[in-house]
There are 2 protein chains.
Amino acid sequence: MEKTVATEEREGEDAEQVVNPWQVSAKDGGKIDYDKLIVQFGCQRLDEGLIERVQRLTGRPPHVFLRRGVFFAHRDFNEILDAYERGEKFYLYTGRGPSSEALHLGHLIPFMFTKYLQDAFKVPLVIQLTDDEKCMWKNLSVEESQRLARENAKDIIACGFDITRTFIFSDFDYVGGAFYKNMVKVAKCVTYNKVVGIFGFTGEDHIGKISFPPVQAVPSFPSSFPHLFSGKDKLRCLIPCAIDQDPYFRMTRDVAPRLGYHKPALIESSFFPALQGETGKMSASDPNSAIYVTDSGKDIGSKIRKYAFSGGQDSKEKHMKLGANLEVDIPIKYLGFFLEDDAELEHIRTEYGAGRLFTGQVKDRLIQVLTEIVERHRRARAAVTDEVLCLRLLMDMQYTC
Amino acid sequence: MEKTVATEEREGEDAEQVVNPWQVSAKDGGKIDYDKLIVQFGCQRLDEGLIERVQRLTGRPPHVFLRRGVFFAHRDFNEILDAYERGEKFYLYTGRGPSSEALHLGHLIPFMFTKYLQDAFKVPLVIQLTDDEKCMWKNLSVEESQRLARENAKDIIACGFDITRTFIFSDFDYVGGAFYKNMVKVAKCVTYNKVVGIFGFTGEDHIGKISFPPVQAVPSFPSSFPHLFSGKDKLRCLIPCAIDQDPYFRMTRDVAPRLGYHKPALIESSFFPALQGETGKMSASDPNSAIYVTDSGKDIGSKIRKYAFSGGQDSKEKHMKLGANLEVDIPIKYLGFFLEDDAELEHIRTEYGAGRLFTGQVKDRLIQVLTEIVERHRRARAAVTDEVLCLRLLMDMQYTC
């Protein structure tokens with residue numbers, strides 16, 4: 001048993017770096033090698049051609065996260081565009097495991113991008129909150145997992161999705177009926193050895209973990225949402241997510257054709273770096289590694305000034321002579337995610353790289369940008385009261401796309 | 001891996017006999033050794049004292065299946081009686097895996113006995129139809145499993161349970177909500193190694209099988225039925241079943257205290273022998289090994305005459321001299337299950353054993369008895385139309401015990 005579950009035997013991994021739904025780490029504190037990950041996982045790079053095609057088909061400029069390679073890999077995204085070009089609709093599926101009360105900026109990225117896709121393609125969206133998963137992995141009580149799911153749902157709703165085209169649900173609320181039938185159909189197609197190969201479970205893992213992958217798989221199938229997609233079993237599904245979720249959907253794509261569904265397509269992002277540097281993704285466990293949507297402007301200012309890893313030189317003279325090392329500079333990375341003005345970003349990169357701009361100045365601009373985003377989010381979230389949430393979730397269960 | 005899943009390592013089994021939910025076989029075509037099974041499984045024998053206590057507490061003669069040791073083993077049944085004596089209620093939980101369209105007499109035994117318990121103790125009853133299990137083990141489609149569940153439900157309802165105290169459900173219809181939450185809570189308490197030890201799963205088994213034990217476990221917990229037992233988490237559960245189901249409830253009893261519930265109590269039956277002889281339980285796969293509730297009087301007559309293994313001697317003279325071997329005689333065994341008159345049964349045993357009664361005469365009496373039971377069942381089942389079934393299942397979802 002021990003042998004089959006050793007991490008190095010897990011599919012899509014090697015000794016250099018570990019990327020799976022529960023662990024993201026590069027060897028020796030280095031950076032994640034995303035090119036290597038594409039090869040290891042067997043997905044495709046999201047190239048210029050596809051991005052131009054998105055622009056042409058939607059008549060909108062591609063999202064910053066596309067232009068700047070935040071979403072960098074995909075599986076069959078081209079087929080989604082082919083179908084869309086033929087006039088076929090598709091639907092979006094994304095989600096979140098509600099493990100913490102407050103979301104950080106890294107958590108918002110897939111939702112900001114999913115909102116862009118929904119607006120650009122005018123398509124339905126299902127958002128799964130895997131409170132059952134967190135109850136099992138984080139050993140939270142059912143009640144606490146559900147509470148976190150509802151708190152997170154407020155933040156997600158605050159991202160401003162098209163309320164007439166979005167269904168948000170928690171597993172503890174929604175599992176049953178057609179959804180459960182699909183869970184059983186998927187589970188029948190996947191052996192224990194297979195999930196050990198994909199997820200690296202061990203004999204000491206509880207069977208809840210082994211039972212879970214079908215739960216994350218089935219929202220990829222339209223029939224899991226009869227109130228939304230009745231009689232639309234051939235509707236395609238596109239999943240925007242961080243690339244650490246790829247193993248779940250590799251399994252799902254293996255199974256889909258055997259159940260008569262299209263393989264879900266994926267569009268996958270890199271990880272939002274921690275303030276301390278780009279060696280993994282932010283961790284909810286270290287509050288100083290991330291900017292939270294609950295941070296005040298003052299919090300943001302002090303966190304950026306104190307913790308954001310700088311590529312600037314350690315003396316004014318040296319900095320003016322050598323300039324900043326943009327490759328490792330976190331303020332520049334963060335601006336790359338959130339400063340929408342390409343011209344301004346390019347100007348800052350040039351001046352900072354040439355040593356004519358100093359870390360303090362770049363950090364000040366970043367603090368402005370992030371404070372604006374977080375303030376906007378806070379205002380939007382404040383409007384999502386418990387009453388609004390309950391009403392919203394109730395509505396979701398009734399409307400049809 | 002291979003090692004941990006070898007059958008002989010499965011808990012409660014040895015090389016001599018294999019008894020689990022999927023296989024019942026004695027070594028060398030011998031009989032199941034039930035005394036040994038009690039030791040292997042670690043349950044208790046149902047002794048005279050307990051049977052007298054049931055009579056005293058309910059003011060009814062003990063059921064034939066108790067008097068004659070068909071139900072022969074238990075776990076904590078005495079605690080159920082203690083609680084009942086203190087004026088506490090409990091509820092009954094039994095079920096069926098709908099693997100075949102027609103039930104045979106062996107299938108009716110737990111339901112006939114459960115009806116007696118419900119009538120005697122005046123307690124609520126939940127009946128689980130594990131259509132999800134059969135979909136996974138027998139590789140039936142979801143639709144076919146559900147169809148079989150509804151057909152079987154008609155036969156079960158025809159057993160005449162107290163409609164005001166009985167909730168019958170199929171997993172595909174009912175899994176979700178509080179039931180699913182309990183599935184997750186149970187799954188968190190059971191490792192893969194543990195289910196391998198109990199059920200002998202292998203790495204080649206699909207994860208649906210590994211996910212299933214919690215589904216059969218959770219009806220043992222009152223909170224799985226909020227519409228029936230809201231706020232009654234300390235209500236005790238008694239499970240009448242054939243002893244091959246013991247592994248599921250061994251697991252359930254391990255988990256129950258950790259979730260704040262009483263361990264479910266069990267009252268367990270031996271297996272109804274096949275017509276050909278007492279080496280296992282009837283198999284739905286061989287129509288001539290069993291009497292089905294759909295058999296006509298003519299079918300019953302010819303099956304008993306042709307296939308019921310006789311302990312009579314092979315010549316009239318020899319029979320009159322030696323008498324029948326009652327130990328292996330199937331007509332006598334069957335009369336032991338279904339001929340309620342103790343005096344008449346004793347008379348037949350004596351005369352047949354002494355060679356003054358012949359196999360043909362004993363078989364004729366058995367044919368009368370079984371035909372009467374099957375005819376009565378057929379009439380009751382005919383009253384359970386699709387409309388009645390739907391209405392009944394609908395009512396079930398609404399009333400509270």
# chains A, B, ... in the order shown; residues from 1 in each chain; ligands from 1
>>> residues_around(residues="Lys263 in chain B", least_positions_apart="3", cutoff="10 Å", atoms="only C-alpha atoms", output="PDB file with C-alpha atoms, in the first residue's frame")
ATOM      1  CA  ARG B  75     -26.349  -7.146  19.283  1.00  0.00           C
ATOM      2  CA  ASP B  76     -27.677  -5.177  22.285  1.00  0.00           C
ATOM      3  CA  SER B 220     -29.380   3.948  12.017  1.00  0.00           C
ATOM      4  CA  PHE B 221     -29.291   7.598  13.166  1.00  0.00           C
ATOM      5  CA  ARG B 236     -32.595   3.961  19.746  1.00  0.00           C
ATOM      6  CA  CYS B 237     -32.619   1.954  16.522  1.00  0.00           C
ATOM      7  CA  LEU B 238     -33.220  -1.794  16.151  1.00  0.00           C
ATOM      8  CA  PHE B 249     -23.562  -2.449  11.149  1.00  0.00           C
ATOM      9  CA  ARG B 250     -20.341  -3.495  12.841  1.00  0.00           C
ATOM     10  CA  THR B 252     -21.932   1.685  12.032  1.00  0.00           C
ATOM     11  CA  ARG B 253     -21.685   0.660  15.689  1.00  0.00           C
ATOM     12  CA  ASP B 254     -18.001   1.672  15.758  1.00  0.00           C
ATOM     13  CA  VAL B 255     -18.900   5.146  14.514  1.00  0.00           C
ATOM     14  CA  ALA B 256     -22.195   5.862  16.304  1.00  0.00           C
ATOM     15  CA  PRO B 257     -20.821   6.967  19.717  1.00  0.00           C
ATOM     16  CA  ARG B 258     -18.367   9.367  18.043  1.00  0.00           C
ATOM     17  CA  GLY B 260     -23.354  11.198  19.639  1.00  0.00           C
ATOM     18  CA  LEU B 266     -29.416  -5.813  15.692  1.00  0.00           C
TER      19      LEU B 266
END
>>> closest_atom_pairs(of="chain B", to="chain A", cutoff="9 Å", atoms="only C-alpha atoms", output="Markdown table")
| residue | atom | partner | partner_atom | distance |
| --- | --- | --- | --- | --- |
| B:Met1 | CA | A:Met1 | CA | 4.9 |
| B:Glu2 | CA | A:Met1 | CA | 8.6 |
| B:Thr4 | CA | A:Met1 | CA | 8.4 |
| B:Asp132 | CA | A:Val184 | CA | 7.1 |
| B:Cys135 | CA | A:Val184 | CA | 8.2 |
| B:Met136 | CA | A:Lys188 | CA | 6.1 |
| B:Trp137 | CA | A:Lys188 | CA | 8.8 |
| B:Asn139 | CA | A:Lys188 | CA | 8.3 |
| B:Ser141 | CA | A:Lys185 | CA | 8.7 |
| B:Val142 | CA | A:Lys181 | CA | 7.1 |
| B:Phe172 | CA | A:Gly177 | CA | 6.3 |
| B:Asp173 | CA | A:Gly177 | CA | 6.1 |
| B:Tyr174 | CA | A:Gly176 | CA | 7.2 |
| B:Val175 | CA | A:Gly176 | CA | 5.3 |
| B:Gly176 | CA | A:Gly176 | CA | 4.3 |
| B:Gly177 | CA | A:Asp173 | CA | 6.1 |
| B:Ala178 | CA | A:Phe172 | CA | 8.3 |
| B:Tyr180 | CA | A:Phe172 | CA | 7.2 |
| B:Lys181 | CA | A:Phe172 | CA | 6.5 |
| B:Met183 | CA | A:Gly208 | CA | 8.5 |
| B:Val184 | CA | A:Gly208 | CA | 6.2 |
| B:Lys185 | CA | A:Val142 | CA | 8.0 |
| B:Val186 | CA | A:Gly208 | CA | 8.1 |
| B:Ala187 | CA | A:Gly208 | CA | 4.5 |
| B:Lys188 | CA | A:Gly208 | CA | 5.4 |
| B:Cys189 | CA | A:His206 | CA | 6.6 |
| B:Val190 | CA | A:His206 | CA | 5.2 |
| B:Thr191 | CA | A:His206 | CA | 3.7 |
| B:Tyr192 | CA | A:Gly203 | CA | 5.0 |
| B:Asn193 | CA | A:Gly203 | CA | 4.9 |
| B:Lys194 | CA | A:Gly203 | CA | 8.3 |
| B:Val195 | CA | A:Ile207 | CA | 8.3 |
| B:Val196 | CA | A:Gly203 | CA | 8.9 |
| B:Thr202 | CA | A:Tyr192 | CA | 7.7 |
| B:Gly203 | CA | A:Asn193 | CA | 4.9 |
| B:Glu204 | CA | A:Thr191 | CA | 5.5 |
| B:Asp205 | CA | A:Thr191 | CA | 5.3 |
| B:His206 | CA | A:Thr191 | CA | 3.7 |
| B:Ile207 | CA | A:Ala187 | CA | 5.3 |
| B:Gly208 | CA | A:Ala187 | CA | 4.5 |
| B:Lys209 | CA | A:Lys188 | CA | 7.9 |
| B:Ile210 | CA | A:Ile207 | CA | 6.8 |
| B:Ser211 | CA | A:Ser211 | CA | 5.2 |
| B:Phe212 | CA | A:Ser211 | CA | 8.8 |
>>> residues_around(residues="range 83-92 of chain A", least_positions_apart="5", cutoff="8 Å", atoms="only C-alpha atoms", output="PyMOL selection string")
chain A and resi 57+114+118+123-126+235-240
>>> write_last_selection(atoms="N, CA and C atoms", output="PDB file, in the first residue's frame")
ATOM      1  N   LEU A  57     -14.570  37.152 -31.278  1.00  0.00           N
ATOM      2  CA  LEU A  57     -15.898  36.553 -31.079  1.00  0.00           C
ATOM      3  C   LEU A  57     -16.763  37.360 -30.118  1.00  0.00           C
ATOM      4  N   THR A 114     -14.157  34.841 -14.198  1.00  0.00           N
ATOM      5  CA  THR A 114     -15.399  34.166 -14.588  1.00  0.00           C
ATOM      6  C   THR A 114     -16.491  35.189 -14.901  1.00  0.00           C
ATOM      7  N   GLN A 118     -18.539  35.463 -18.336  1.00  0.00           N
ATOM      8  CA  GLN A 118     -20.006  35.448 -18.377  1.00  0.00           C
ATOM      9  C   GLN A 118     -20.530  36.677 -19.124  1.00  0.00           C
ATOM     10  N   VAL A 123     -23.377  33.804 -20.942  1.00  0.00           N
ATOM     11  CA  VAL A 123     -23.699  32.394 -20.699  1.00  0.00           C
ATOM     12  C   VAL A 123     -24.043  32.147 -19.229  1.00  0.00           C
ATOM     13  N   PRO A 124     -24.768  31.043 -18.977  1.00  0.00           N
ATOM     14  CA  PRO A 124     -25.081  30.674 -17.592  1.00  0.00           C
ATOM     15  C   PRO A 124     -23.829  30.245 -16.833  1.00  0.00           C
ATOM     16  N   LEU A 125     -23.907  30.366 -15.513  1.00  0.00           N
ATOM     17  CA  LEU A 125     -22.780  30.039 -14.643  1.00  0.00           C
ATOM     18  C   LEU A 125     -23.298  29.291 -13.422  1.00  0.00           C
ATOM     19  N   VAL A 126     -22.623  28.192 -13.080  1.00  0.00           N
ATOM     20  CA  VAL A 126     -22.912  27.517 -11.804  1.00  0.00           C
ATOM     21  C   VAL A 126     -21.681  27.633 -10.913  1.00  0.00           C
ATOM     22  N   LEU A 235     -25.043  20.303 -23.804  1.00  0.00           N
ATOM     23  CA  LEU A 235     -24.485  21.625 -23.528  1.00  0.00           C
ATOM     24  C   LEU A 235     -23.039  21.465 -23.039  1.00  0.00           C
ATOM     25  N   ARG A 236     -22.138  22.257 -23.601  1.00  0.00           N
ATOM     26  CA  ARG A 236     -20.738  22.161 -23.189  1.00  0.00           C
ATOM     27  C   ARG A 236     -20.489  22.964 -21.924  1.00  0.00           C
ATOM     28  N   CYS A 237     -19.458  22.577 -21.200  1.00  0.00           N
ATOM     29  CA  CYS A 237     -19.104  23.216 -19.927  1.00  0.00           C
ATOM     30  C   CYS A 237     -17.670  23.731 -20.001  1.00  0.00           C
ATOM     31  N   LEU A 238     -17.457  24.969 -19.578  1.00  0.00           N
ATOM     32  CA  LEU A 238     -16.113  25.554 -19.497  1.00  0.00           C
ATOM     33  C   LEU A 238     -15.829  25.885 -18.035  1.00  0.00           C
ATOM     34  N   ILE A 239     -14.674  25.405 -17.551  1.00  0.00           N
ATOM     35  CA  ILE A 239     -14.321  25.558 -16.142  1.00  0.00           C
ATOM     36  C   ILE A 239     -13.121  26.474 -15.986  1.00  0.00           C
ATOM     37  N   PRO A 240     -13.327  27.725 -15.513  1.00  0.00           N
ATOM     38  CA  PRO A 240     -12.184  28.570 -15.168  1.00  0.00           C
ATOM     39  C   PRO A 240     -11.736  28.224 -13.744  1.00  0.00           C
TER      40      PRO A 240
END
>>> select_by_dssp(residues="range 64-221 of chain B", states="helix (DSSP H, G or I)", output="number ranges by chain")
B: 64-67, 77-85, 105-121, 131-137, 142-157, 171-174, 177-188, 192-199, 207-211, 213-220
>>> residues_around(residues="Gly95 in chain A", least_positions_apart="4", cutoff="10 Å", atoms="only C-alpha atoms", output="list in words")
Pro110, Phe111, Val126, Ile127, Gln128, Leu129, Thr130, Ile156, Ile168, Phe169, Ser170, Gln216, Pro219, Ile239, Pro240 and Cys241 of chain A
>>> atom_distance(atom1="CA of Phe65 in chain A", atom2="CA of Gln44 in chain A")
16.8 Å
>>> residues_around(residues="Pro21 in chain B", least_positions_apart="3", cutoff="12 Å", atoms="only C-alpha atoms", output="compact mmCIF listing (two decimals) with N, CA, C and O atoms, in the first residue's frame")
# COMPACT_ATOMS: atom_id res chain seq x y z
N VAL B 18 -17.63 -18.36 4.21
CA VAL B 18 -17.60 -16.94 3.85
C VAL B 18 -19.02 -16.39 3.95
O VAL B 18 -19.94 -16.87 3.28
N VAL B 24 -22.37 -15.83 0.47
CA VAL B 24 -22.65 -16.72 1.61
C VAL B 24 -22.34 -18.13 1.15
O VAL B 24 -23.02 -18.67 0.28
N SER B 25 -21.25 -18.71 1.67
CA SER B 25 -20.94 -20.07 1.26
C SER B 25 -20.18 -20.81 2.36
O SER B 25 -19.29 -20.26 2.99
N ARG B 96 -33.82 -3.29 1.73
CA ARG B 96 -33.60 -4.29 0.69
C ARG B 96 -32.83 -3.66 -0.46
O ARG B 96 -33.05 -2.51 -0.81
N GLY B 97 -31.91 -4.45 -1.03
CA GLY B 97 -31.23 -4.06 -2.26
C GLY B 97 -32.04 -4.59 -3.43
O GLY B 97 -32.12 -5.80 -3.61
N GLU B 133 -27.00 1.17 -4.43
CA GLU B 133 -26.09 0.03 -4.25
C GLU B 133 -26.19 -0.92 -5.44
O GLU B 133 -25.18 -1.31 -6.03
N LYS B 134 -27.41 -1.28 -5.82
CA LYS B 134 -27.57 -2.27 -6.89
C LYS B 134 -27.13 -1.69 -8.22
O LYS B 134 -26.59 -2.41 -9.08
N TRP B 137 -23.34 -2.26 -7.83
CA TRP B 137 -22.81 -3.63 -7.76
C TRP B 137 -23.25 -4.49 -8.92
O TRP B 137 -22.49 -5.31 -9.41
N ILE B 198 -13.14 -4.75 6.61
CA ILE B 198 -14.52 -5.20 6.85
C ILE B 198 -15.13 -5.86 5.61
O ILE B 198 -15.75 -6.91 5.68
N PHE B 199 -14.94 -5.22 4.44
CA PHE B 199 -15.67 -5.66 3.24
C PHE B 199 -14.78 -6.33 2.19
O PHE B 199 -15.28 -6.89 1.22
N GLY B 200 -13.46 -6.22 2.37
CA GLY B 200 -12.57 -6.88 1.42
C GLY B 200 -12.50 -6.22 0.05
O GLY B 200 -12.25 -6.89 -0.95
N PRO B 213 -20.85 2.15 2.04
CA PRO B 213 -21.19 1.77 3.41
C PRO B 213 -21.83 2.87 4.27
O PRO B 213 -22.78 2.59 5.00
N GLN B 216 -25.66 2.92 3.83
CA GLN B 216 -26.42 1.91 4.58
C GLN B 216 -26.35 2.16 6.08
O GLN B 216 -27.23 1.74 6.83
N CYS B 241 -32.38 -8.01 10.38
CA CYS B 241 -31.78 -8.31 9.07
C CYS B 241 -31.18 -9.71 9.07
O CYS B 241 -31.04 -10.33 10.12
N ALA B 242 -30.86 -10.20 7.88
CA ALA B 242 -30.13 -11.46 7.79
C ALA B 242 -28.69 -11.19 8.22
O ALA B 242 -28.18 -10.08 8.05
N ILE B 243 -28.03 -12.20 8.78
CA ILE B 243 -26.73 -11.98 9.42
C ILE B 243 -25.64 -11.59 8.42
O ILE B 243 -24.60 -11.05 8.80
N ASP B 244 -25.90 -11.76 7.11
CA ASP B 244 -24.87 -11.35 6.13
C ASP B 244 -24.71 -9.82 6.08
O ASP B 244 -23.72 -9.33 5.53
N GLN B 245 -25.68 -9.08 6.65
CA GLN B 245 -25.58 -7.62 6.67
C GLN B 245 -24.80 -7.11 7.88
O GLN B 245 -24.56 -5.90 8.00
N ASP B 246 -24.40 -8.03 8.76
CA ASP B 246 -23.72 -7.63 10.00
C ASP B 246 -22.51 -6.72 9.77
O ASP B 246 -22.32 -5.76 10.52
N PRO B 247 -21.68 -6.97 8.73
CA PRO B 247 -20.49 -6.11 8.56
C PRO B 247 -20.82 -4.62 8.45
O PRO B 247 -20.11 -3.77 9.03
N TYR B 248 -21.90 -4.27 7.74
CA TYR B 248 -22.28 -2.85 7.63
C TYR B 248 -22.52 -2.24 9.01
O TYR B 248 -22.13 -1.10 9.27
N PHE B 249 -23.14 -3.03 9.87
CA PHE B 249 -23.56 -2.45 11.15
C PHE B 249 -22.49 -2.57 12.22
O PHE B 249 -22.50 -1.83 13.20
N LYS B 281 -27.83 -19.32 0.87
CA LYS B 281 -29.16 -18.72 0.80
C LYS B 281 -29.64 -18.80 -0.63
O LYS B 281 -28.87 -19.05 -1.55
>>> closest_residue(among="B:Ser223, B:Thr294, B:Gln40, B:Ser100", to="Asn20 in chain B", atoms="only C-alpha atoms")
B:Gln40
>>> residues_around(residues="His104 in chain B", least_positions_apart="4", cutoff="12 Å", atoms="only C-alpha atoms", output="PyMOL selection string")
chain B and resi 99-100+108-111+152+155-156+272-275+281-295+300+370+373-374+377
>>> atom_distance(atom1="CA of Ile157 in chain A", atom2="CA of Ala383 in chain A")
9.8 Å
>>> atom_distance(atom1="CA of His319 in chain B", atom2="CA of Leu366 in chain B")
19.4 Å
>>> select_by_dssp(residues="range 198-262 of chain A", states="strand (DSSP E or B)", output="list in words")
His206, Arg236, Cys237, Leu238, Ile239, Pro240, Cys241 and Ala242 of chain A
>>> closest_residue(among="A:Gly49, A:Gly323, A:Gly311, A:Gly69", to="Phe271 in chain A", atoms="only C-alpha atoms")
A:Gly69
